[in-house]
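Student: Before I ask anything, let me first share the structure, which is written out below as structure tokens.
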Amino acid sequence: MARPSGPDQYANALLPRAVIHEDAMIDSSPSRTSLAVAWLRAAHQIVDARPPILDDPIAGRLLDPRAIERIHSHPEALQTPGARALRAHVLIRSRYAEDRLHEAVARGVRQLVVLGAGLDTFAFRQPPWATGLRIFEVDWPATQEDKKGRLARAGVTVPDNAVFVPIDFERTPVPDALRAHGFDASAPAFVSWLGVMMYLTRDAIDAVFAFARGLTRGSEIVLSFMPGPVPTAAPGDTPTLADRVAGMGEPLRTHVAPEDLAAWLDRLGFSEVSLLTPAEIDTRYLAGRSDGLETFRLATVASARV
């Protein structure tokens, strides 16, 4: 079976039907795509083989029980090629970022900035090697308030080394928002920026890259990106990825080919720019798995050092 080549082939898996129940229960301003990502991470713990690519016991606790029940009652919906590819993409981008973070901590980095944190759970399941980090979760205020409510209802405590940093990425400079919450600009940091870039304008992306490039030597950014344009559907056709996220109020704005992204980061002066290739993913994260998880033929994740 051919591996899905790009995001237009997993459009129908982007917002699983199981989370629609929650859409009516929350204000429309928090990120709905963050719900879909949490649902996919929770589904991985239930339907896929051991060991997990990403061990995340928290994601499912942040969702409505009816969404989790849909995973148990309709597991076949998660086993189409598109659903598997999307799930693998979501899991691998986070696992790769956490692997790179572990390496950064080993070389002395003590600050983690999670841009567009959504319902990311690293701060709430952090391993022993991460307890010396100061973790800054940066996101839209409404999304953060929704997340705080979910954490409270699930009985998940916010650790002392984590802080929420509210921001409007299109209006507020990231350094200003971080500085107001205790970020040390004189010390290196690791920046995790997953599932966000494609929703921003080029100006907003340039501002984030300028922030990361301006960090102290030894800092690093890991990001995911949309490698190509996603068409919209003709009337009566199955909605594409672009259609579905636009319908949730989160339209796709920016795509960039892998080689163009690498050149972009090179021009900005980053060092050790790396693209996570499908071959590397197969070797590092998918080899020997019995659940059929596979990812796309195009690179969708990159890292760069300062």
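Starting from 1 in every chain, residues are counted up; chains themselves are A, B, ... following the order of the structure tokens, and ligands are numbered from 1 as listed.
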Could you give me, as a PyMOL selection string, each residue of range 36-186 of chain A that DSSP assigns to helix (DSSP H, G or I) when run on this structure's backbone?
Tutor: chain A and resi 36-47+59-62+65-73+75-78+81-106+122-124+128-130+141-154+174-179
Student: So that I can check the surroundings of range 188-190 of chain A, please list as a list in words every protein, DNA and RNA residue that reaches within 9 Å of it, counting only C-alpha atoms and ignoring chain neighbours fewer than 5 positions away.
Tutor: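 Residues meeting the cut-off are Arg100, Leu101, Ala104, Val105, Gly108, Val109, Arg110, Gln111, Leu112, Val113, Val114, Ala212, Leu215, Thr216, Arg217, Gly218, Ser219, Glu220, Ile221 and Val222 of chain A.
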Student: Pick out the closest residue to Arg70 in chain A from this set: A:Gly228, A:Ala43, A:Leu119, A:Thr172. Count only C-alpha atoms.
Tutor: A:Ala43
Student: Quick one: residues within 8 Å of Leu54 in chain A, only C-alpha atoms counted, chain neighbours fewer than 3 positions away excluded, as a list in words?
Tutor: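 Non-adjacent residues within range: Arg41, Leu91, Ile92, Ser94 and Arg95 of chain A.
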Student: Could those residues be written to a file, using C-alpha atoms, as an mmCIF file, in the first residue's frame?
Tutor:
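Output (selection31.cif):
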```cif
data_model
loop_
_atom_site.group_PDB
_atom_site.id
_atom_site.type_symbol
_atom_site.label_atom_id
_atom_site.label_comp_id
_atom_site.auth_asym_id
_atom_site.auth_seq_id
_atom_site.Cartn_x
_atom_site.Cartn_y
_atom_site.Cartn_z
ATOM 1 C CA ARG A 41 -2.307 11.003 21.027
ATOM 2 C CA LEU A 91 3.332 11.313 17.527
ATOM 3 C CA ILE A 92 6.682 11.434 15.764
ATOM 4 C CA SER A 94 6.511 15.305 19.471
ATOM 5 C CA ARG A 95 8.794 12.332 20.106
#
```
Student: Taking into account only C-alpha atoms, which residue in the set A:Gly214, A:Gly60, A:Pro166, A:Gly288 is nearest to Leu40 in chain A?
Tutor: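 Smallest separation from Leu40 in chain A among the options: A:Gly60.
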Student: Counting only C-alpha atoms, which residues of range 175-197 of chain A sit at most 12 Å from some atom of range 137-151 of chain A, and what is each one's closest atom pair with its distance in Å to one decimal, listed by chain and rising residue number, as CSV?
Tutor:
```
residue,atom,partner,partner_atom,distance
A:Pro175,CA,A:Val138,CA,10.9
A:Asp176,CA,A:Val138,CA,11.7
A:Ala177,CA,A:Val138,CA,8.4
A:Leu178,CA,A:Val138,CA,8.1
A:Arg179,CA,A:Val138,CA,11.9
A:Ala180,CA,A:Val138,CA,12.0
A:His181,CA,A:Val138,CA,10.4
A:Phe183,CA,A:Glu137,CA,11.4
A:Val191,CA,A:Glu137,CA,10.3
A:Ser192,CA,A:Glu137,CA,9.8
A:Trp193,CA,A:Val138,CA,9.8
A:Leu194,CA,A:Val138,CA,11.8
A:Val196,CA,A:Asp139,CA,10.1
```
Student: For the selection you just gave me, I'd like the residues written to a file as an mmCIF file, in the first residue's frame, keeping all heavy atoms.
Tutor:
```cif
data_model
loop_
_atom_site.group_PDB
_atom_site.id
_atom_site.type_symbol
_atom_site.label_atom_id
_atom_site.label_comp_id
_atom_site.auth_asym_id
_atom_site.auth_seq_id
_atom_site.Cartn_x
_atom_site.Cartn_y
_atom_site.Cartn_z
ATOM 1 N N PRO A 175 9.470 37.509 22.493
ATOM 2 C CA PRO A 175 10.382 37.866 23.587
ATOM 3 C C PRO A 175 9.712 38.714 24.663
ATOM 4 O O PRO A 175 10.001 38.543 25.854
ATOM 5 C CB PRO A 175 11.493 38.651 22.871
ATOM 6 C CG PRO A 175 11.445 38.199 21.466
ATOM 7 C CD PRO A 175 10.003 37.935 21.178
ATOM 8 N N ASP A 176 8.828 39.636 24.259
ATOM 9 C CA ASP A 176 8.151 40.477 25.239
ATOM 10 C C ASP A 176 7.263 39.646 26.153
ATOM 11 O O ASP A 176 7.236 39.845 27.376
ATOM 12 C CB ASP A 176 7.308 41.543 24.531
ATOM 13 C CG ASP A 176 8.154 42.562 23.789
ATOM 14 O OD1 ASP A 176 9.395 42.541 23.956
ATOM 15 O OD2 ASP A 176 7.575 43.370 23.036
ATOM 16 N N ALA A 177 6.509 38.714 25.558
ATOM 17 C CA ALA A 177 5.616 37.876 26.358
ATOM 18 C C ALA A 177 6.409 37.003 27.320
ATOM 19 O O ALA A 177 6.040 36.858 28.495
ATOM 20 C CB ALA A 177 4.754 37.007 25.439
ATOM 21 N N LEU A 178 7.512 36.437 26.856
ATOM 22 C CA LEU A 178 8.321 35.574 27.717
ATOM 23 C C LEU A 178 8.998 36.363 28.828
ATOM 24 O O LEU A 178 9.047 35.919 29.987
ATOM 25 C CB LEU A 178 9.375 34.850 26.881
ATOM 26 C CG LEU A 178 8.868 33.700 26.009
ATOM 27 C CD1 LEU A 178 9.968 33.250 25.051
ATOM 28 C CD2 LEU A 178 8.404 32.532 26.870
ATOM 29 N N ARG A 179 9.539 37.533 28.478
ATOM 30 C CA ARG A 179 10.243 38.350 29.467
ATOM 31 C C ARG A 179 9.332 38.694 30.647
ATOM 32 O O ARG A 179 9.761 38.713 31.803
ATOM 33 C CB ARG A 179 10.767 39.618 28.808
ATOM 34 C CG ARG A 179 11.733 40.423 29.676
ATOM 35 C CD ARG A 179 12.216 41.669 28.948
ATOM 36 N NE ARG A 179 12.779 41.358 27.641
ATOM 37 C CZ ARG A 179 12.233 41.706 26.482
ATOM 38 N NH1 ARG A 179 11.096 42.394 26.460
ATOM 39 N NH2 ARG A 179 12.813 41.394 25.353
ATOM 40 N N ALA A 180 8.063 38.918 30.358
ATOM 41 C CA ALA A 180 7.116 39.269 31.411
ATOM 42 C C ALA A 180 6.816 38.103 32.345
ATOM 43 O O ALA A 180 6.221 38.303 33.410
ATOM 44 C CB ALA A 180 5.806 39.765 30.790
ATOM 45 N N HIS A 181 7.256 36.900 31.960
ATOM 46 C CA HIS A 181 6.974 35.719 32.784
ATOM 47 C C HIS A 181 8.251 35.023 33.252
ATOM 48 O O HIS A 181 8.241 33.843 33.582
ATOM 49 C CB HIS A 181 6.087 34.737 32.021
ATOM 50 C CG HIS A 181 4.684 35.231 31.854
ATOM 51 N ND1 HIS A 181 4.322 36.136 30.878
ATOM 52 C CD2 HIS A 181 3.541 34.959 32.556
ATOM 53 C CE1 HIS A 181 3.035 36.389 30.975
ATOM 54 N NE2 HIS A 181 2.539 35.696 31.980
ATOM 55 N N PHE A 183 11.394 34.661 31.707
ATOM 56 C CA PHE A 183 12.342 34.019 30.807
ATOM 57 C C PHE A 183 13.685 34.734 30.873
ATOM 58 O O PHE A 183 13.753 35.961 30.895
ATOM 59 C CB PHE A 183 11.804 34.072 29.374
ATOM 60 C CG PHE A 183 12.697 33.432 28.347
ATOM 61 C CD1 PHE A 183 12.752 32.054 28.229
ATOM 62 C CD2 PHE A 183 13.467 34.210 27.489
ATOM 63 C CE1 PHE A 183 13.565 31.458 27.271
ATOM 64 C CE2 PHE A 183 14.277 33.628 26.523
ATOM 65 C CZ PHE A 183 14.330 32.239 26.423
ATOM 66 N N VAL A 191 13.326 25.529 21.920
ATOM 67 C CA VAL A 191 12.014 25.985 21.466
ATOM 68 C C VAL A 191 11.333 24.857 20.705
ATOM 69 O O VAL A 191 11.878 24.339 19.720
ATOM 70 C CB VAL A 191 12.128 27.227 20.558
ATOM 71 C CG1 VAL A 191 10.740 27.673 20.090
ATOM 72 C CG2 VAL A 191 12.842 28.353 21.296
ATOM 73 N N SER A 192 10.164 24.457 21.164
ATOM 74 C CA SER A 192 9.344 23.460 20.482
ATOM 75 C C SER A 192 8.168 24.180 19.834
ATOM 76 O O SER A 192 7.373 24.837 20.520
ATOM 77 C CB SER A 192 8.844 22.411 21.486
ATOM 78 O OG SER A 192 7.982 21.483 20.861
ATOM 79 N N TRP A 193 8.058 24.064 18.499
ATOM 80 C CA TRP A 193 7.058 24.821 17.746
ATOM 81 C C TRP A 193 6.382 23.862 16.768
ATOM 82 O O TRP A 193 6.739 23.774 15.611
ATOM 83 C CB TRP A 193 7.757 25.968 17.020
ATOM 84 C CG TRP A 193 6.846 27.044 16.517
ATOM 85 C CD1 TRP A 193 5.685 27.467 17.055
ATOM 86 C CD2 TRP A 193 7.062 27.836 15.342
ATOM 87 N NE1 TRP A 193 5.150 28.487 16.302
ATOM 88 C CE2 TRP A 193 5.974 28.732 15.253
ATOM 89 C CE3 TRP A 193 8.062 27.892 14.371
ATOM 90 C CZ2 TRP A 193 5.854 29.660 14.219
ATOM 91 C CZ3 TRP A 193 7.949 28.820 13.344
ATOM 92 C CH2 TRP A 193 6.864 29.697 13.273
ATOM 93 N N LEU A 194 5.403 23.127 17.276
ATOM 94 C CA LEU A 194 4.794 22.042 16.514
ATOM 95 C C LEU A 194 3.338 22.346 16.188
ATOM 96 O O LEU A 194 2.562 22.752 17.058
ATOM 97 C CB LEU A 194 4.879 20.736 17.317
ATOM 98 C CG LEU A 194 6.274 20.321 17.790
ATOM 99 C CD1 LEU A 194 6.193 19.053 18.629
ATOM 100 C CD2 LEU A 194 7.231 20.137 16.607
ATOM 101 N N VAL A 196 1.968 24.679 14.358
ATOM 102 C CA VAL A 196 1.568 26.082 14.445
ATOM 103 C C VAL A 196 1.927 26.870 13.186
ATOM 104 O O VAL A 196 1.135 27.689 12.698
ATOM 105 C CB VAL A 196 2.208 26.770 15.668
ATOM 106 C CG1 VAL A 196 1.793 28.237 15.740
ATOM 107 C CG2 VAL A 196 1.844 26.048 16.956
#
```
Student: Please determine, counting only C-alpha atoms, which residue among A:Arg202, A:His74, A:His102, A:Arg289 has the shortest atom-to-atom distance to Pro51 in chain A.
Tutor: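 Of A:Arg202, A:His74, A:His102, A:Arg289, the one nearest Pro51 in chain A is A:Arg289, counting only C-alpha atoms.
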Student: If you measure from CA of Leu223 in chain A to CA of Leu275 in chain A, what distance in Å do you get, rounded to one decimal?
Tutor: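 Separation between CA of Leu223 in chain A and CA of Leu275 in chain A: 9.8 Å.
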Student: Apply DSSP to the backbone of this structure and, from range 25-270 of chain A, keep only the residues in strand (DSSP E or B); write these as a PyMOL selection string.
Tutor: chain A and resi 111-115+134-139+162-166+190-193+220-224
Student: What is the CA of Phe164 in chain A-CA of Arg61 in chain A distance in Å, reported with one decimal?
Tutor: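 Here the two named atoms are 19.4 Å from each other.
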Student: Which residues come within 10 Å of Arg213 in chain A, counting only C-alpha atoms, excluding same-chain residues fewer than 4 positions away, as a list in words?
Tutor: Ala207, Val208, Phe209, Arg217, Ser219, Glu220, Ile221, Leu265, Leu268, Gly269, Phe270, Ser271, Ala304, Arg305 and Val306 of chain A
Student: What's the separation between CA of Gly82 in chain A and CA of Ala123 in chain A, in Å to one decimal place?
Tutor: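 Between CA of Gly82 in chain A and CA of Ala123 in chain A the gap works out to 29.2 Å.
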Student: Pick out the closest residue to Gly155 in chain A from this set: A:Ile58, A:Ala187, A:Ile167, A:Ala49. Count only C-alpha atoms.
Tutor: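 Using only C-alpha atoms, Gly155 in chain A sits closest to A:Ile58.
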Student: Looking at A:Ser31, A:Thr121, A:Ser224, A:Ser274, which one is nearest to Leu62 in chain A, with distances taken over only C-alpha atoms?
Tutor: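 That would be A:Thr121, the residue with the smallest distance to Leu62 in chain A.
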Student: Of the candidates A:Arg297, A:Tyr199, A:Arg267, A:Phe124, which one gets nearest to Leu252 in chain A if we count only C-alpha atoms?
Tutor: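 Closest candidate: A:Tyr199.
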